[in-house]
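See below for work24.cif, which holds mmCIF, C-alpha atoms.
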```cif
data_entry
loop_
_atom_site.label_atom_id
_atom_site.label_comp_id
_atom_site.auth_asym_id
_atom_site.auth_seq_id
_atom_site.Cartn_x
_atom_site.Cartn_y
_atom_site.Cartn_z
CA SER A 1042 100.52 58.64 118.85
CA HIS A 1043 101.40 60.84 121.83
CA ARG A 1044 105.08 60.85 120.79
CA LEU A 1045 104.13 61.64 117.19
CA GLY A 1046 102.02 64.54 118.40
CA ARG A 1047 104.90 65.94 120.43
CA ARG A 1048 107.26 65.54 117.48
CA ALA A 1049 104.80 67.33 115.19
CA LYS A 1050 104.56 70.25 117.62
CA LEU A 1051 108.34 70.38 117.92
CA CYS A 1052 108.72 70.38 114.13
CA ARG A 1053 106.23 73.22 113.81
CA LYS A 1054 108.09 75.27 116.42
CA ILE A 1055 111.40 74.67 114.65
CA ALA A 1056 109.87 75.67 111.30
CA GLN A 1057 108.47 78.84 112.83
CA ARG A 1058 111.86 79.75 114.28
CA VAL A 1059 113.60 79.10 110.96
CA ARG A 1060 111.10 81.33 109.16
CA ALA A 1061 111.58 84.04 111.76
CA MET A 1062 115.36 83.83 111.44
CA SER A 1063 115.25 83.98 107.63
CA LYS A 1064 112.77 86.87 107.48
CA LYS A 1065 114.64 89.99 106.46
CA ILE A 1066 113.26 93.10 108.18
CA LEU A 1067 114.72 96.55 107.54
CA THR A 1068 114.14 99.18 110.21
CA THR A 1069 114.43 102.90 109.60
CA PRO A 1070 116.76 104.70 109.71
CA ILE A 1071 118.43 102.37 107.21
CA LYS A 1072 122.21 102.36 106.82
CA ALA A 1073 124.16 101.52 103.67
CA GLU A 1074 125.56 98.40 105.32
CA ASP A 1075 122.01 97.16 105.98
CA LEU A 1076 121.55 96.82 102.21
CA ALA A 1077 124.88 95.21 101.35
CA ASP A 1078 123.69 91.59 101.47
CA ILE A 1079 120.25 92.20 99.93
CA LYS A 1080 119.92 90.89 96.36
CA ILE A 1081 117.34 91.33 93.63
CA GLY A 1082 114.53 88.82 94.06
CA ASP A 1083 114.83 88.85 97.86
CA VAL A 1084 111.67 89.38 99.87
CA ILE A 1085 111.99 91.88 102.70
CA TYR A 1086 109.78 93.78 105.16
CA LEU A 1087 109.98 97.28 106.59
CA SER A 1088 109.42 98.51 110.13
CA GLY A 1089 109.68 102.11 111.24
CA HIS A 1090 108.51 104.86 108.90
CA ILE A 1091 107.58 105.22 105.24
CA VAL A 1092 106.42 108.37 103.46
CA THR A 1093 104.06 108.38 100.48
CA CYS A 1094 105.75 110.36 97.69
CA ARG A 1095 104.55 110.62 94.10
CA ASP A 1096 105.15 112.77 91.04
CA VAL A 1097 104.70 116.32 92.31
CA PRO A 1098 106.95 116.05 95.41
CA HIS A 1099 109.64 114.52 93.18
CA ARG A 1100 109.26 117.40 90.73
CA ARG A 1101 109.44 119.98 93.49
CA VAL A 1102 112.68 118.52 94.86
CA VAL A 1103 114.42 117.90 91.53
CA GLN A 1104 113.15 120.58 89.17
CA GLU A 1105 112.34 123.38 91.62
CA GLY A 1106 115.15 122.73 94.08
CA ARG A 1107 112.84 122.68 97.08
CA GLU A 1108 113.52 120.73 100.26
CA LEU A 1109 111.05 118.22 101.59
CA PRO A 1110 109.20 119.41 104.72
CA LEU A 1111 110.41 116.28 106.53
CA ASP A 1112 113.71 114.43 106.72
CA ILE A 1113 113.81 111.09 104.88
CA ARG A 1114 117.58 110.55 105.05
CA GLY A 1115 117.99 106.84 105.74
CA GLY A 1116 114.26 106.48 105.29
CA ALA A 1117 111.75 104.99 102.89
CA ILE A 1118 109.24 106.35 100.39
CA LEU A 1119 106.21 104.74 98.79
CA HIS A 1120 105.08 105.64 95.28
CA ALA A 1121 101.40 105.75 96.18
CA GLY A 1122 98.36 108.01 96.29
CA PRO A 1123 96.49 106.71 99.33
CA ILE A 1124 92.89 107.08 100.44
CA ILE A 1125 92.83 108.74 103.86
CA ARG A 1126 90.01 109.17 106.36
CA LYS A 1127 90.18 112.16 108.68
CA ILE A 1128 89.43 111.45 112.34
CA GLY A 1129 88.90 114.55 114.43
CA GLU A 1130 90.95 117.65 113.81
CA LYS A 1131 94.50 116.31 113.53
CA SER A 1132 94.26 112.52 113.24
CA PHE A 1133 94.04 110.42 110.09
CA GLU A 1134 93.36 106.80 109.24
CA MET A 1135 94.79 104.90 106.29
CA VAL A 1136 91.97 103.31 104.27
CA SER A 1137 93.85 102.13 101.18
CA VAL A 1138 97.43 102.58 99.99
CA GLY A 1139 98.18 100.76 96.76
CA PRO A 1140 101.47 101.44 94.94
CA THR A 1141 101.45 103.45 91.73
CA THR A 1142 103.65 102.86 88.70
CA SER A 1143 107.23 103.63 89.71
CA MET A 1144 108.39 104.32 86.16
CA ARG A 1145 106.56 107.64 86.31
CA MET A 1146 109.24 108.83 88.75
CA GLU A 1147 112.17 107.43 86.75
CA LYS A 1148 113.29 110.78 85.30
CA PHE A 1149 113.54 112.22 88.83
CA GLU A 1150 114.63 109.29 90.99
CA ARG A 1151 118.41 109.36 90.69
CA GLU A 1152 118.66 113.02 91.67
CA PHE A 1153 115.94 112.56 94.27
CA ILE A 1154 118.00 109.82 95.95
CA ALA A 1155 121.11 112.02 95.84
CA LYS A 1156 119.36 115.04 97.36
CA THR A 1157 117.25 113.35 100.03
CA GLY A 1158 119.37 110.37 101.13
CA VAL A 1159 116.41 107.99 100.90
CA ARG A 1160 117.45 104.33 101.19
CA LEU A 1161 114.30 102.39 100.26
CA ILE A 1162 111.90 103.13 97.41
CA VAL A 1163 108.71 101.10 97.12
CA GLY A 1164 106.32 101.09 94.18
CA LYS A 1165 104.79 99.07 91.37
CA GLY A 1166 106.68 97.70 88.39
CA GLY A 1167 110.32 98.21 87.53
CA MET A 1168 112.50 101.28 87.09
CA GLY A 1169 115.28 102.15 84.65
CA GLU A 1170 118.93 103.06 84.33
CA GLY A 1171 118.70 106.33 86.24
CA THR A 1172 117.36 104.65 89.35
CA MET A 1173 119.83 101.80 88.94
CA SER A 1174 122.78 104.20 88.93
CA GLY A 1175 121.33 106.18 91.83
CA CYS A 1176 120.86 103.06 93.93
CA LYS A 1177 124.41 101.91 93.19
CA GLU A 1178 126.09 105.26 93.75
CA PHE A 1179 124.24 106.39 96.86
CA GLY A 1180 123.27 103.06 98.47
CA ALA A 1181 119.55 102.54 98.00
CA ILE A 1182 117.17 99.85 96.75
CA HIS A 1183 113.87 99.74 94.90
CA CYS A 1184 111.20 97.21 95.85
CA VAL A 1185 107.85 96.16 94.45
CA PHE A 1186 104.79 95.83 96.66
CA PRO A 1187 102.31 93.23 95.31
CA ALA A 1188 99.63 94.91 93.21
CA GLY A 1189 95.99 94.57 94.22
CA CYS A 1190 96.75 94.54 97.95
CA ALA A 1191 96.08 98.20 98.80
CA VAL A 1192 93.72 97.43 101.68
CA VAL A 1193 96.13 94.87 103.11
CA ALA A 1194 98.90 97.46 102.96
CA ALA A 1195 96.70 99.90 104.86
CA THR A 1196 96.35 97.43 107.73
CA GLN A 1197 100.15 97.48 108.11
CA VAL A 1198 100.10 101.22 108.82
CA GLU A 1199 99.99 101.60 112.58
CA GLU A 1200 99.63 105.37 112.54
CA ILE A 1201 99.81 108.38 110.23
CA GLU A 1202 102.13 110.65 112.18
CA SER A 1203 102.19 113.74 109.99
CA ALA A 1204 101.22 115.22 106.63
CA GLY A 1205 103.37 117.50 104.50
CA TRP A 1206 102.51 119.63 101.47
CA THR A 1207 98.81 119.03 102.04
CA GLU A 1208 98.00 121.78 99.52
CA LEU A 1209 98.79 119.19 96.81
CA GLY A 1210 95.70 117.17 97.69
CA MET A 1211 95.30 113.74 99.21
CA PRO A 1212 97.13 111.63 96.57
CA GLU A 1213 100.23 113.86 96.46
CA THR A 1214 100.49 114.75 100.15
CA LEU A 1215 103.53 113.43 101.97
CA TRP A 1216 101.90 111.10 104.50
CA LYS A 1217 104.44 109.95 107.09
CA CYS A 1218 103.34 106.50 108.26
CA ARG A 1219 104.60 104.33 111.08
CA VAL A 1220 104.58 100.73 109.91
CA LYS A 1221 105.40 97.31 111.27
CA GLU A 1222 106.66 94.59 108.91
CA PHE A 1223 105.27 96.40 105.89
CA GLY A 1224 105.39 94.02 102.95
CA PRO A 1225 106.18 91.65 101.42
CA LEU A 1226 108.51 93.79 99.34
CA ILE A 1227 110.26 92.17 96.37
CA VAL A 1228 113.66 93.69 95.67
CA SER A 1229 113.76 94.80 92.02
CA ILE A 1230 116.93 96.96 92.13
CA ASP A 1231 119.62 96.29 94.72
CA ALA A 1232 122.36 98.57 96.06
CA HIS A 1233 124.80 97.09 93.55
CA GLY A 1234 122.71 98.35 90.63
CA ASN A 1235 121.32 94.97 89.57
CA ASN A 1236 117.84 95.17 88.04
CA LEU A 1237 115.50 92.16 88.34
CA PHE A 1238 113.08 93.34 85.65
CA GLU A 1239 115.82 94.02 83.10
CA GLN A 1240 117.54 90.70 83.76
CA ASN A 1241 114.24 88.85 83.47
CA LYS A 1242 113.50 90.59 80.15
CA ILE A 1243 116.67 89.08 78.71
CA LYS A 1244 115.78 85.60 79.99
CA PHE A 1245 112.17 85.81 78.81
CA ASN A 1246 113.18 87.06 75.34
CA GLU A 1247 115.63 84.18 74.98
CA LYS A 1248 112.84 81.72 75.84
CA LYS A 1249 110.45 83.52 73.49
CA ASP A 1250 112.88 83.39 70.57
CA ALA A 1251 113.45 79.67 71.12
CA ALA A 1252 109.70 79.03 71.31
CA LEU A 1253 109.01 81.03 68.15
CA ALA A 1254 111.74 79.18 66.26
CA GLU A 1255 109.99 75.91 67.12
CA ILE A 1256 106.40 77.03 66.59
CA LEU A 1257 106.53 79.22 63.45
CA PRO A 1258 107.54 76.46 61.01
CA GLN A 1259 104.55 74.43 62.18
CA VAL A 1260 102.01 77.22 61.68
CA GLY A 1261 103.52 78.84 58.61
CA PHE A 1262 100.60 77.69 56.50
CA ILE A 1263 98.24 80.01 58.39
CA LYS A 1264 97.63 83.18 56.38
#
```

Just dump the structure as structure tokens.
Amino acid sequence: SHRLGRRAKLCRKIAQRVRAMSKKILTTPIKAEDLADIKIGDVIYLSGHIVTCRDVPHRRVVQEGRELPLDIRGGAILHAGPIIRKIGEKSFEMVSVGPTTSMRMEKFEREFIAKTGVRLIVGKGGMGEGTMSGCKEFGAIHCVFPAGCAVVAATQVEEIESAGWTELGMPETLWKCRVKEFGPLIVSIDAHGNNLFEQNKIKFNEKKDAALAEILPQVGFIK
């Protein structure tokens, strides 16, 4: 029994090391080569910095030609409108930071990537052809953060280091956050332009058509 116990401990240590070795962690600033072997469906984590960035900052950059008040070249953005608690005069605490629907930024994202040099975009749901082409041309990826985990995400924010464009209000402010192993992040668009959501739509529709072909003749009598 003593030997079995030692073997069990050894097996657990080996398993932990394997998991640690296979865990993909991106650290900002991110380089194009860091994304080369990342594929859609992969699960990754982010350490370094991520900036919350929703509709209005995208519109300012793309439609109004304004520059962001902070440099995100090689960095990461999060489509999110967080809940922030102010501590003292200049310090802030992240209370909740759930991702918002990424498709809202679709019409801006390709040009936003080109102008800012952002490498990692995190949000909720998929994005379309514009983002796909932007990711492929300029070397970026889009990832999905699991919905319903806003409080968990907040615990992965070690510190809010700065706030830009605060006149836009809490949800639209550019909150620069220092994070450690922020995730899990599911890669939905890779740097080669592959789109997990679009590929899955094709697969699911094929399965649906086959299922309907089998089911409809059996329920055709239902009016």

Among the residues A:Pro1212, A:Pro1140, A:Gly1158, A:Gly1129, the one that comes closest to Ile1113 (chain A) [using all atoms listed in the file]: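 Among A:Pro1212, A:Pro1140, A:Gly1158, A:Gly1129, it is A:Gly1158 that comes nearest to Ile1113 (chain A).
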
Pick from A:Val1103, A:Ala1188, A:Leu1119, A:Ala1073, whichever lies nearest to Lys1148 (chain A) using all atoms listed in the file: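 So, comparing all the options, the nearest one is A:Val1103.
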
For this structure, which residues satisfy the selection - the PyMOL selection byres ((chain A and resi 1185) around 6) - when it is evaluated on the file as given? I want them as a PyMOL selection string. chain A and resi 1163-1165+1184+1186+1226-1227

Output the residue selection produced by the PyMOL selection byres ((chain A and resi 1196-1205) around 10) on the file above, formatted as a PyMOL selection string. chain A and resi 1087-1093+1098+1109-1111+1125+1131-1138+1191-1195+1206-1209+1211+1213-1224

Write the residues you've just listed into a file as a compact mmCIF listing (two decimals), in the coordinates of the input, and include C-alpha atoms for each of them.
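As a result, again22.txt now contains:
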```txt
# COMPACT_ATOMS: atom_id res chain seq x y z
CA LEU A 1087 109.98 97.28 106.59
CA SER A 1088 109.42 98.51 110.13
CA GLY A 1089 109.68 102.11 111.24
CA HIS A 1090 108.51 104.86 108.90
CA ILE A 1091 107.58 105.22 105.24
CA VAL A 1092 106.42 108.37 103.46
CA THR A 1093 104.06 108.38 100.48
CA PRO A 1098 106.95 116.05 95.41
CA LEU A 1109 111.05 118.22 101.59
CA PRO A 1110 109.20 119.41 104.72
CA LEU A 1111 110.41 116.28 106.53
CA ILE A 1125 92.83 108.74 103.86
CA LYS A 1131 94.50 116.31 113.53
CA SER A 1132 94.26 112.52 113.24
CA PHE A 1133 94.04 110.42 110.09
CA GLU A 1134 93.36 106.80 109.24
CA MET A 1135 94.79 104.90 106.29
CA VAL A 1136 91.97 103.31 104.27
CA SER A 1137 93.85 102.13 101.18
CA VAL A 1138 97.43 102.58 99.99
CA ALA A 1191 96.08 98.20 98.80
CA VAL A 1192 93.72 97.43 101.68
CA VAL A 1193 96.13 94.87 103.11
CA ALA A 1194 98.90 97.46 102.96
CA ALA A 1195 96.70 99.90 104.86
CA TRP A 1206 102.51 119.63 101.47
CA THR A 1207 98.81 119.03 102.04
CA GLU A 1208 98.00 121.78 99.52
CA LEU A 1209 98.79 119.19 96.81
CA MET A 1211 95.30 113.74 99.21
CA GLU A 1213 100.23 113.86 96.46
CA THR A 1214 100.49 114.75 100.15
CA LEU A 1215 103.53 113.43 101.97
CA TRP A 1216 101.90 111.10 104.50
CA LYS A 1217 104.44 109.95 107.09
CA CYS A 1218 103.34 106.50 108.26
CA ARG A 1219 104.60 104.33 111.08
CA VAL A 1220 104.58 100.73 109.91
CA LYS A 1221 105.40 97.31 111.27
CA GLU A 1222 106.66 94.59 108.91
CA PHE A 1223 105.27 96.40 105.89
CA GLY A 1224 105.39 94.02 102.95
```

Evaluate the PyMOL selection byres ((chain A and resi 1155) around 10) and report residues as a PyMOL selection string: chain A and resi 1103+1114+1150-1154+1156-1159+1175-1176+1178-1181

Closest of A:Ile1128, A:Ile1182, A:Ala1117, A:Met1146 to Asp1078 (chain A) - atom-to-atom distances counting only C-alpha atoms: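 Among the listed residues, A:Ile1182 lies closest to Asp1078 (chain A).
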
How many Å lie between CA of Thr1068 (chain A) and CA of Glu1239 (chain A), rounded to one decimal?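 Calculated distance between CA of Thr1068 (chain A) and CA of Glu1239 (chain A) is 27.6 Å.
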
In Å, rounded to a single decimal, give me how far CA of Asp1250 (chain A) is from CA of Gly1171 (chain A).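 These atoms are spaced 28.4 Å apart.
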
Please indicate the distance in Å from CA of Asn1235 (chain A) to CA of Lys1065 (chain A), rounded to one decimal place.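 Atom-to-atom, CA of Asn1235 (chain A) and CA of Lys1065 (chain A) are spaced 18.8 Å apart.
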
Given the point (106.3, 102.7, 87.3) in the file's coordinates, find the residues that have an atom at most 6 Å from it, counting all atoms listed in the file, and give them as a short mmCIF file (atom, residue, chain, number, x, y, z; two decimals) with C-alpha atoms, in the frame of the given file.
```cif
data_model
loop_
_atom_site.label_atom_id
_atom_site.label_comp_id
_atom_site.auth_asym_id
_atom_site.auth_seq_id
_atom_site.Cartn_x
_atom_site.Cartn_y
_atom_site.Cartn_z
CA THR A 1142 103.65 102.86 88.70
CA SER A 1143 107.23 103.63 89.71
CA MET A 1144 108.39 104.32 86.16
CA ARG A 1145 106.56 107.64 86.31
CA LYS A 1165 104.79 99.07 91.37
CA GLY A 1166 106.68 97.70 88.39
#
```

Restricting the calculation to only C-alpha atoms, which member of A:Thr1172, A:Ser1229, A:Gln1104, A:Thr1141 is positioned closest to Ile1085 (chain A)? A:Ser1229

Counting only C-alpha atoms, closest pick from A:Ala1252, A:His1120, A:Arg1160, A:Val1228 relative to Tyr1086 (chain A) is A:Val1228

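When only C-alpha atoms are used to measure the gap to Phe1238 (chain A), the shortest distance among A:Ile1118, A:Ile1081, A:Ala1251, A:Ile1256 belongs to A:Ile1081.
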